Amino acid sequence: MSKPVVAIVGRPNVGKSTLFNVLAGERISIVQDTPGVTRDRIYADVSWLKYNFTLIDTGGIEPDSGDIILSQMREQAQIAIDTADVIIFITDVRQGLVDADEKVADMLRRSKKPVLLVVNKVDNFDKFMPDVYEFYNLGIGEPIPVSAASMLGIGDMLDEVTKHFTNAMVEEAEDDRPRIAIIGKPNVGKSSLINRLCGNNRLIVSDIAGTTRDAIDTDIRYDGRDYVFIDTAGLRRKSKIKEEIERYSIIRAVTAVERADVVILVIDATEGVTEQDAKIAGIAHERGKGVIIAVNKWDAIAKDNKTIYQHTEKIRQILSFMSYAEIMFISAKTGQRVGKIFEMIDMVIENNSMRVSTGVLNEIMAEAVAMQQPPSDKGKRLKLYYITQAAVKPPTFVIFVNDKQLMHFSYTRYLENRIRDAFGFRGTSLKFIIRERKEDKG
């Protein structure tokens, strides 16, 4: 089931990052009194009562001048409008209602997306409520008073947020067509790849980064099977600010990856794999999606008999956390190997949904333990009692042991490799949960 996406929009210094951190339950964004310092992680998984959603801090406003702040506010609002199911528009009771708030409110109102107007820094409801009422003038509904710093009014606000989660979000999950998110930096050929796959120019393709304006779903039928491809644009404007480019492409990637079964990370062969590719790939890895790495523009590379090996080694080195990912060398321009993508998608989906019987898993574990003794510490040795598969998408295994502290990461990796030796699980991460069980004294 894809999770709803909630975006926070607001002027500098109104408390976006503070609210984000409170909801995320940990200090993820940097919080300072200088506007524009939100540079860190910008999305988090949040739970409230029975609901789970992805929260995005759109951030990214620099305090150069009133005009620039307003244009960046609009940009930020547009990102929220494009990607979010619900928008939290945060204002500041102490600064009062300002011109920029009204202009952004106008955009949000016309978007037809659910918008919650949140008035922050209301540390004393009796004292500040008359000032809160001023925000009714924005015409986007009842202002919700909160204090992110003091954690006042947060529950009431979340109740209002979750009221806007609709059955449509569940219906998408019931649609059993495979969903494939095409992610990657701007201008690596994401739109060209989808155009090649569906055989017509449905998406705008140009050399200007960010010409795809929205995340677009494209239905493609191949060999009697239906697929939905989600193209994540990157940007809406030609930004020269590196952090802005990264922020927007990451926001797009997060929202698309949430909805996908398989993620295709497109890398530009002429540039090679980069740290930003690693950031974007990490989003898919954290969420346990099937992953295919498509090295595009392969036609533009001078080759000898070592070229593929060298590129593969570099990718494996920089994306070492996802050694399971399948790698393909393609050209969206010429169509080279593009037809093989569907075959690869089907295989990765199958592996991401694979179940292994408990009996077989325990045989593999017993054999692995016999071949390599579990670690010990201060005379106490790790004992592995039992393993079972608890879930799919990604395949998730629970291992019962005598002492969780003794279960080193390296030994978990060793067991993972033995399971992969037996079943492959190509293209999908495996998740391991370690549980303690007291030793039987009998």
# chains A, B, ... in the order shown; residues from 1 in each chain; ligands from 1
>>> residues_around(residues="stretch 304-319 of chain A", least_positions_apart="4", cutoff="10 Å", atoms="only C-alpha atoms", output="PyMOL selection string")
chain A and resi 267+269+272-275+277-279+281-282+293+295+298+323-325+327-329
>>> write_last_selection(atoms="N, CA and C atoms", output="short mmCIF file (atom, residue, chain, number, x, y, z; two decimals), in the first residue's frame")
data_model
loop_
_atom_site.label_atom_id
_atom_site.label_comp_id
_atom_site.auth_asym_id
_atom_site.auth_seq_id
_atom_site.Cartn_x
_atom_site.Cartn_y
_atom_site.Cartn_z
N ILE A 267 21.22 6.06 -14.60
CA ILE A 267 22.52 6.71 -14.43
C ILE A 267 23.03 7.08 -15.82
N ALA A 269 25.76 7.20 -18.40
CA ALA A 269 27.03 6.50 -18.61
C ALA A 269 28.18 7.47 -18.87
N GLY A 272 29.01 8.75 -15.35
CA GLY A 272 29.33 7.74 -14.34
C GLY A 272 28.46 7.92 -13.12
N VAL A 273 28.58 7.00 -12.18
CA VAL A 273 27.75 7.03 -10.97
C VAL A 273 28.29 8.10 -10.02
N THR A 274 27.38 8.84 -9.38
CA THR A 274 27.78 9.97 -8.53
C THR A 274 27.22 9.82 -7.11
N GLU A 275 27.65 10.69 -6.22
CA GLU A 275 27.14 10.67 -4.85
C GLU A 275 25.64 10.98 -4.81
N ASP A 277 23.53 10.12 -7.10
CA ASP A 277 22.88 8.85 -7.47
C ASP A 277 22.73 7.97 -6.23
N ALA A 278 23.78 7.97 -5.40
CA ALA A 278 23.76 7.14 -4.18
C ALA A 278 22.66 7.61 -3.23
N LYS A 279 22.49 8.95 -3.10
CA LYS A 279 21.42 9.49 -2.24
C LYS A 279 20.05 9.02 -2.73
N ALA A 281 19.38 6.49 -4.76
CA ALA A 281 19.26 5.03 -4.64
C ALA A 281 18.93 4.63 -3.21
N GLY A 282 19.48 5.37 -2.23
CA GLY A 282 19.25 5.06 -0.82
C GLY A 282 17.78 5.11 -0.45
N ILE A 293 19.38 -0.94 -11.85
CA ILE A 293 20.19 0.22 -12.22
C ILE A 293 20.36 0.20 -13.74
N VAL A 295 22.07 1.90 -16.77
CA VAL A 295 23.13 2.82 -17.19
C VAL A 295 22.80 3.25 -18.61
N TRP A 298 24.59 4.43 -23.20
CA TRP A 298 25.69 3.48 -23.41
C TRP A 298 26.24 3.57 -24.83
N SER A 323 24.26 -4.15 -3.17
CA SER A 323 24.98 -5.05 -4.07
C SER A 323 24.01 -6.00 -4.78
N TYR A 324 22.78 -6.12 -4.27
CA TYR A 324 21.77 -7.00 -4.86
C TYR A 324 21.16 -6.42 -6.14
N ALA A 325 21.32 -5.10 -6.37
CA ALA A 325 20.63 -4.45 -7.49
C ALA A 325 21.12 -5.01 -8.83
N ILE A 327 22.07 -4.65 -12.72
CA ILE A 327 22.63 -3.56 -13.55
C ILE A 327 22.41 -3.89 -15.03
N MET A 328 21.92 -2.90 -15.77
CA MET A 328 21.74 -3.03 -17.22
C MET A 328 22.42 -1.86 -17.92
N PHE A 329 22.97 -2.11 -19.07
CA PHE A 329 23.59 -1.05 -19.88
C PHE A 329 22.71 -0.85 -21.11
#
>>> residues_around(residues="A:Arg418", least_positions_apart="2", cutoff="12 Å", atoms="only C-alpha atoms", output="PyMOL selection string")
chain A and resi 361-369+371-372+411-416+420-425
>>> residues_around(residues="A:Ala181", least_positions_apart="5", cutoff="12 Å", atoms="only C-alpha atoms", output="compact mmCIF listing (two decimals) with N, CA, C and O atoms, in the first residue's frame")
# COMPACT_ATOMS: atom_id res chain seq x y z
N LYS A 190 15.51 9.92 -18.21
CA LYS A 190 14.35 9.21 -17.66
C LYS A 190 13.16 9.26 -18.62
O LYS A 190 12.54 8.24 -18.92
N SER A 191 12.85 10.47 -19.09
CA SER A 191 11.70 10.61 -20.00
C SER A 191 11.96 9.90 -21.32
O SER A 191 11.07 9.27 -21.89
N LEU A 193 13.66 7.27 -21.78
CA LEU A 193 13.50 5.83 -21.57
C LEU A 193 12.03 5.43 -21.62
O LEU A 193 11.66 4.46 -22.28
N ILE A 194 11.17 6.21 -20.95
CA ILE A 194 9.74 5.87 -20.97
C ILE A 194 9.18 6.02 -22.39
O ILE A 194 8.39 5.20 -22.86
N ALA A 215 5.29 14.57 -11.91
CA ALA A 215 5.44 13.12 -11.96
C ALA A 215 4.26 12.60 -12.78
O ALA A 215 3.11 12.92 -12.50
N ILE A 216 4.54 11.84 -13.82
CA ILE A 216 3.50 11.43 -14.76
C ILE A 216 3.42 9.92 -14.76
O ILE A 216 4.43 9.24 -14.82
N ASP A 217 2.20 9.37 -14.68
CA ASP A 217 2.02 7.93 -14.80
C ASP A 217 1.76 7.57 -16.26
O ASP A 217 0.92 8.19 -16.91
N THR A 218 2.48 6.57 -16.75
CA THR A 218 2.32 6.12 -18.13
C THR A 218 1.98 4.64 -18.11
O THR A 218 2.73 3.83 -17.55
N TYR A 227 1.71 -2.54 -17.25
CA TYR A 227 2.64 -1.95 -16.29
C TYR A 227 2.31 -0.46 -16.17
O TYR A 227 1.84 0.15 -17.12
N VAL A 228 2.59 0.13 -14.99
CA VAL A 228 2.46 1.57 -14.82
C VAL A 228 3.85 2.12 -14.52
O VAL A 228 4.49 1.72 -13.54
N PHE A 229 4.31 3.03 -15.38
CA PHE A 229 5.62 3.67 -15.15
C PHE A 229 5.40 5.06 -14.58
O PHE A 229 4.60 5.84 -15.10
N ILE A 230 6.12 5.35 -13.51
CA ILE A 230 6.01 6.65 -12.85
C ILE A 230 7.29 7.42 -13.18
O ILE A 230 8.38 7.03 -12.75
N ASP A 231 7.16 8.48 -13.94
CA ASP A 231 8.34 9.29 -14.28
C ASP A 231 8.49 10.40 -13.25
O ASP A 231 7.56 11.15 -13.01
N THR A 232 9.67 10.49 -12.64
CA THR A 232 9.87 11.57 -11.67
C THR A 232 10.70 12.62 -12.33
O THR A 232 11.81 12.39 -12.68
N ALA A 233 10.21 13.73 -12.42
CA ALA A 233 10.89 14.78 -13.11
C ALA A 233 12.07 15.19 -12.38
O ALA A 233 12.47 15.22 -11.66
N ARG A 252 10.84 14.46 -5.39
CA ARG A 252 10.13 13.71 -6.43
C ARG A 252 10.38 12.22 -6.28
O ARG A 252 9.47 11.41 -6.41
N ALA A 253 11.64 11.87 -6.03
CA ALA A 253 11.99 10.45 -5.93
C ALA A 253 11.27 9.79 -4.77
O ALA A 253 10.72 8.69 -4.90
N VAL A 254 11.22 10.46 -3.62
CA VAL A 254 10.56 9.88 -2.44
C VAL A 254 9.10 9.57 -2.75
O VAL A 254 8.61 8.48 -2.47
N THR A 255 8.40 10.53 -3.34
CA THR A 255 6.97 10.34 -3.57
C THR A 255 6.71 9.25 -4.60
O THR A 255 5.74 8.51 -4.49
N ALA A 256 7.59 9.13 -5.59
CA ALA A 256 7.40 8.09 -6.60
C ALA A 256 7.77 6.72 -6.05
O ALA A 256 7.05 5.74 -6.29
N VAL A 257 8.85 6.65 -5.31
CA VAL A 257 9.31 5.36 -4.76
C VAL A 257 8.24 4.79 -3.82
O VAL A 257 8.01 3.59 -3.80
N GLU A 258 7.58 5.65 -3.05
CA GLU A 258 6.51 5.19 -2.15
C GLU A 258 5.48 4.36 -2.91
O GLU A 258 4.94 3.39 -2.38
N ARG A 259 5.18 4.77 -4.13
CA ARG A 259 4.09 4.14 -4.87
C ARG A 259 4.54 2.95 -5.71
O ARG A 259 3.72 2.29 -6.32
N ALA A 260 5.84 2.71 -5.77
CA ALA A 260 6.37 1.74 -6.73
C ALA A 260 6.61 0.36 -6.13
O ALA A 260 6.83 0.22 -4.93
N ASP A 261 6.59 -0.65 -7.00
CA ASP A 261 7.03 -2.00 -6.63
C ASP A 261 8.51 -2.15 -6.96
O ASP A 261 9.27 -2.77 -6.23
N VAL A 262 8.87 -1.61 -8.13
CA VAL A 262 10.26 -1.70 -8.60
C VAL A 262 10.73 -0.29 -8.94
O VAL A 262 9.96 0.53 -9.44
N VAL A 263 11.99 -0.03 -8.64
CA VAL A 263 12.57 1.27 -8.95
C VAL A 263 13.69 1.08 -9.96
O VAL A 263 14.54 0.21 -9.79
N ILE A 264 13.64 1.86 -11.03
CA ILE A 264 14.74 1.87 -12.00
C ILE A 264 15.52 3.15 -11.78
O ILE A 264 15.00 4.25 -11.99
N LEU A 265 16.75 3.01 -11.31
CA LEU A 265 17.63 4.17 -11.13
C LEU A 265 18.40 4.36 -12.43
O LEU A 265 19.18 3.49 -12.84
N VAL A 266 18.16 5.49 -13.09
CA VAL A 266 18.84 5.76 -14.36
C VAL A 266 20.11 6.57 -14.09
O VAL A 266 20.07 7.60 -13.42
N ILE A 280 19.85 9.14 -4.04
CA ILE A 280 18.54 8.79 -4.61
C ILE A 280 18.31 7.28 -4.50
O ILE A 280 17.23 6.82 -4.15
N ALA A 281 19.38 6.49 -4.76
CA ALA A 281 19.26 5.03 -4.64
C ALA A 281 18.93 4.63 -3.21
O ALA A 281 18.18 3.68 -2.97
N ILE A 283 17.01 5.96 -1.12
CA ILE A 283 15.57 6.08 -0.84
C ILE A 283 14.88 4.75 -1.16
O ILE A 283 14.06 4.24 -0.40
N ALA A 284 15.22 4.17 -2.31
CA ALA A 284 14.62 2.90 -2.72
C ALA A 284 15.07 1.77 -1.79
O ALA A 284 14.29 0.90 -1.41
N LYS A 289 12.43 -1.64 -1.81
CA LYS A 289 11.89 -1.86 -3.15
C LYS A 289 12.83 -2.72 -3.99
O LYS A 289 14.03 -2.81 -3.73
N GLY A 290 12.28 -3.33 -5.04
CA GLY A 290 13.13 -3.98 -6.02
C GLY A 290 13.89 -2.91 -6.79
O GLY A 290 13.34 -1.84 -7.07
N VAL A 291 15.16 -3.16 -7.12
CA VAL A 291 15.98 -2.11 -7.75
C VAL A 291 16.70 -2.62 -8.99
O VAL A 291 17.34 -3.68 -8.97
N ILE A 292 16.55 -1.85 -10.07
CA ILE A 292 17.31 -2.08 -11.31
C ILE A 292 18.09 -0.81 -11.59
O ILE A 292 17.53 0.29 -11.53
N ILE A 293 19.38 -0.94 -11.85
CA ILE A 293 20.19 0.22 -12.22
C ILE A 293 20.36 0.20 -13.74
O ILE A 293 20.93 -0.75 -14.30
N ILE A 345 12.17 -6.49 -14.92
CA ILE A 345 11.14 -6.04 -13.97
C ILE A 345 10.39 -7.25 -13.42
O ILE A 345 10.18 -7.37 -12.21
>>> closest_residue(among="A:Met344, A:Ile79, A:Ile419, A:Ala332", to="A:Gly199", atoms="only C-alpha atoms")
A:Ala332
>>> closest_residue(among="A:Leu19, A:Ile220, A:Met151, A:Ile387", to="A:Pro178", atoms="only C-alpha atoms")
A:Ile220
>>> closest_residue(among="A:Arg11, A:Arg110, A:Lys340, A:Lys3", to="A:Val46", atoms="only C-alpha atoms")
A:Lys3
>>> residues_around(residues="A:Val104", least_positions_apart="2", cutoff="10 Å", atoms="only C-alpha atoms", output="list of chain:residue names")
A:Val9, A:Gly10, A:Arg11, A:Leu70, A:Ser71, A:Met73, A:Arg74, A:Glu75, A:Gln76, A:Ala77, A:Gln78, A:Phe89, A:Asp99, A:Ala100, A:Asp101, A:Glu102, A:Asp106, A:Met107, A:Leu108, A:Arg109, A:Leu138
>>> write_last_selection(atoms="C-alpha atoms", output="compact mmCIF listing (two decimals), in the first residue's frame")
# COMPACT_ATOMS: atom_id res chain seq x y z
CA VAL A 9 5.23 24.76 3.15
CA GLY A 10 6.01 28.13 4.70
CA ARG A 11 8.17 31.25 4.85
CA LEU A 70 8.24 35.16 -2.71
CA SER A 71 9.38 33.46 -5.91
CA MET A 73 7.83 30.34 -1.77
CA ARG A 74 5.83 29.89 -4.95
CA GLU A 75 8.32 27.28 -6.17
CA GLN A 76 8.07 25.47 -2.87
CA ALA A 77 4.28 25.61 -2.92
CA GLN A 78 4.26 24.24 -6.45
CA PHE A 89 0.82 25.61 5.23
CA ASP A 99 2.03 39.60 1.86
CA ALA A 100 3.96 36.42 0.94
CA ASP A 101 1.51 34.32 2.99
CA GLU A 102 -1.42 35.72 1.02
CA ASP A 106 -3.86 31.97 -3.29
CA MET A 107 -1.81 29.31 -5.16
CA LEU A 108 -2.69 26.63 -2.63
CA ARG A 109 -6.38 27.51 -2.71
CA LEU A 138 -6.26 33.93 3.94
>>> residues_around(residues="A:Val161", least_positions_apart="6", cutoff="9 Å", atoms="only C-alpha atoms", output="ChimeraX atom specification")
/A:6,86-88,114-116
>>> residues_around(residues="stretch 94-97 of chain A", least_positions_apart="3", cutoff="9 Å", atoms="only C-alpha atoms", output="mmCIF file with C-alpha atoms, in the first residue's frame")
data_model
loop_
_atom_site.group_PDB
_atom_site.id
_atom_site.type_symbol
_atom_site.label_atom_id
_atom_site.label_comp_id
_atom_site.auth_asym_id
_atom_site.auth_seq_id
_atom_site.Cartn_x
_atom_site.Cartn_y
_atom_site.Cartn_z
ATOM 1 C CA VAL A 14 8.124 30.133 10.770
ATOM 2 C CA THR A 91 2.528 30.587 9.354
ATOM 3 C CA ALA A 100 3.958 36.418 0.944
ATOM 4 C CA ASP A 101 1.509 34.319 2.987
ATOM 5 C CA GLU A 102 -1.418 35.716 1.018
ATOM 6 C CA ASN A 120 2.824 28.209 14.751
ATOM 7 C CA LYS A 121 4.470 29.656 17.888
ATOM 8 C CA VAL A 122 1.176 29.820 19.791
ATOM 9 C CA PHE A 128 -2.443 34.511 21.170
ATOM 10 C CA ASP A 131 -3.960 37.021 16.688
ATOM 11 C CA VAL A 132 -4.685 33.548 15.278
ATOM 12 C CA GLU A 134 -6.394 37.194 11.717
ATOM 13 C CA PHE A 135 -5.340 34.226 9.544
ATOM 14 C CA ASN A 137 -8.334 36.334 6.068
ATOM 15 C CA LEU A 138 -6.264 33.927 3.939
#
>>> decode(residues="stretch 127-146 of chain A", atoms="N, CA, C and O atoms", output="PDB file, in the first residue's frame")
ATOM      1  N   LYS A 127      -3.491  33.886  25.291  1.00  0.00           N
ATOM      2  CA  LYS A 127      -2.849  35.146  24.910  1.00  0.00           C
ATOM      3  C   LYS A 127      -2.893  35.384  23.399  1.00  0.00           C
ATOM      4  O   LYS A 127      -3.124  36.502  22.924  1.00  0.00           O
ATOM      5  N   PHE A 128      -2.657  34.310  22.612  1.00  0.00           N
ATOM      6  CA  PHE A 128      -2.443  34.511  21.170  1.00  0.00           C
ATOM      7  C   PHE A 128      -3.673  34.245  20.290  1.00  0.00           C
ATOM      8  O   PHE A 128      -3.634  34.545  19.099  1.00  0.00           O
ATOM      9  N   MET A 129      -4.761  33.682  20.835  1.00  0.00           N
ATOM     10  CA  MET A 129      -5.895  33.323  19.981  1.00  0.00           C
ATOM     11  C   MET A 129      -6.473  34.501  19.184  1.00  0.00           C
ATOM     12  O   MET A 129      -6.797  34.350  18.005  1.00  0.00           O
ATOM     13  N   PRO A 130      -6.562  35.719  19.772  1.00  0.00           N
ATOM     14  CA  PRO A 130      -7.046  36.834  18.949  1.00  0.00           C
ATOM     15  C   PRO A 130      -6.173  37.068  17.709  1.00  0.00           C
ATOM     16  O   PRO A 130      -6.692  37.424  16.642  1.00  0.00           O
ATOM     17  N   ASP A 131      -4.863  36.858  17.835  1.00  0.00           N
ATOM     18  CA  ASP A 131      -3.960  37.021  16.688  1.00  0.00           C
ATOM     19  C   ASP A 131      -4.126  35.882  15.681  1.00  0.00           C
ATOM     20  O   ASP A 131      -3.923  36.064  14.480  1.00  0.00           O
ATOM     21  N   VAL A 132      -4.478  34.698  16.178  1.00  0.00           N
ATOM     22  CA  VAL A 132      -4.685  33.548  15.278  1.00  0.00           C
ATOM     23  C   VAL A 132      -5.848  33.831  14.337  1.00  0.00           C
ATOM     24  O   VAL A 132      -5.813  33.500  13.150  1.00  0.00           O
ATOM     25  N   TYR A 133      -6.895  34.491  14.856  1.00  0.00           N
ATOM     26  CA  TYR A 133      -8.102  34.714  14.047  1.00  0.00           C
ATOM     27  C   TYR A 133      -7.806  35.555  12.811  1.00  0.00           C
ATOM     28  O   TYR A 133      -8.527  35.472  11.810  1.00  0.00           O
ATOM     29  N   GLU A 134      -6.764  36.362  12.876  1.00  0.00           N
ATOM     30  CA  GLU A 134      -6.394  37.194  11.717  1.00  0.00           C
ATOM     31  C   GLU A 134      -6.156  36.328  10.472  1.00  0.00           C
ATOM     32  O   GLU A 134      -6.396  36.760   9.337  1.00  0.00           O
ATOM     33  N   PHE A 135      -5.715  35.075  10.679  1.00  0.00           N
ATOM     34  CA  PHE A 135      -5.340  34.226   9.544  1.00  0.00           C
ATOM     35  C   PHE A 135      -6.550  33.661   8.794  1.00  0.00           C
ATOM     36  O   PHE A 135      -6.401  33.085   7.724  1.00  0.00           O
ATOM     37  N   TYR A 136      -7.749  33.858   9.345  1.00  0.00           N
ATOM     38  CA  TYR A 136      -8.958  33.521   8.582  1.00  0.00           C
ATOM     39  C   TYR A 136      -8.988  34.298   7.273  1.00  0.00           C
ATOM     40  O   TYR A 136      -9.589  33.872   6.286  1.00  0.00           O
ATOM     41  N   ASN A 137      -8.335  35.480   7.258  1.00  0.00           N
ATOM     42  CA  ASN A 137      -8.334  36.334   6.068  1.00  0.00           C
ATOM     43  C   ASN A 137      -7.685  35.671   4.855  1.00  0.00           C
ATOM     44  O   ASN A 137      -7.866  36.123   3.722  1.00  0.00           O
ATOM     45  N   LEU A 138      -6.911  34.604   5.081  1.00  0.00           N
ATOM     46  CA  LEU A 138      -6.264  33.927   3.939  1.00  0.00           C
ATOM     47  C   LEU A 138      -7.276  33.148   3.103  1.00  0.00           C
ATOM     48  O   LEU A 138      -6.993  32.795   1.956  1.00  0.00           O
ATOM     49  N   GLY A 139      -8.426  32.845   3.687  1.00  0.00           N
ATOM     50  CA  GLY A 139      -9.479  32.184   2.907  1.00  0.00           C
ATOM     51  C   GLY A 139      -9.181  30.730   2.583  1.00  0.00           C
ATOM     52  O   GLY A 139      -9.668  30.207   1.575  1.00  0.00           O
ATOM     53  N   ILE A 140      -8.368  30.064   3.415  1.00  0.00           N
ATOM     54  CA  ILE A 140      -8.128  28.635   3.146  1.00  0.00           C
ATOM     55  C   ILE A 140      -8.513  27.789   4.365  1.00  0.00           C
ATOM     56  O   ILE A 140      -7.879  26.790   4.674  1.00  0.00           O
ATOM     57  N   GLY A 141      -9.547  28.229   5.036  1.00  0.00           N
ATOM     58  CA  GLY A 141     -10.069  27.414   6.121  1.00  0.00           C
ATOM     59  C   GLY A 141      -9.654  27.895   7.494  1.00  0.00           C
ATOM     60  O   GLY A 141      -9.036  28.945   7.661  1.00  0.00           O
ATOM     61  N   GLU A 142     -10.040  27.080   8.472  1.00  0.00           N
ATOM     62  CA  GLU A 142      -9.845  27.454   9.878  1.00  0.00           C
ATOM     63  C   GLU A 142      -8.383  27.303  10.278  1.00  0.00           C
ATOM     64  O   GLU A 142      -7.773  26.252  10.067  1.00  0.00           O
ATOM     65  N   PRO A 143      -7.789  28.347  10.870  1.00  0.00           N
ATOM     66  CA  PRO A 143      -6.400  28.226  11.310  1.00  0.00           C
ATOM     67  C   PRO A 143      -6.289  27.292  12.524  1.00  0.00           C
ATOM     68  O   PRO A 143      -7.118  27.351  13.431  1.00  0.00           O
ATOM     69  N   ILE A 144      -5.271  26.448  12.500  1.00  0.00           N
ATOM     70  CA  ILE A 144      -5.049  25.505  13.606  1.00  0.00           C
ATOM     71  C   ILE A 144      -3.870  26.024  14.424  1.00  0.00           C
ATOM     72  O   ILE A 144      -2.740  26.083  13.916  1.00  0.00           O
ATOM     73  N   PRO A 145      -4.096  26.417  15.682  1.00  0.00           N
ATOM     74  CA  PRO A 145      -2.988  26.949  16.482  1.00  0.00           C
ATOM     75  C   PRO A 145      -2.113  25.816  17.030  1.00  0.00           C
ATOM     76  O   PRO A 145      -2.630  24.834  17.571  1.00  0.00           O
ATOM     77  N   VAL A 146      -0.795  25.941  16.881  1.00  0.00           N
ATOM     78  CA  VAL A 146       0.138  24.962  17.451  1.00  0.00           C
ATOM     79  C   VAL A 146       1.376  25.695  17.974  1.00  0.00           C
ATOM     80  O   VAL A 146       1.633  26.847  17.603  1.00  0.00           O
TER      81      VAL A 146
END
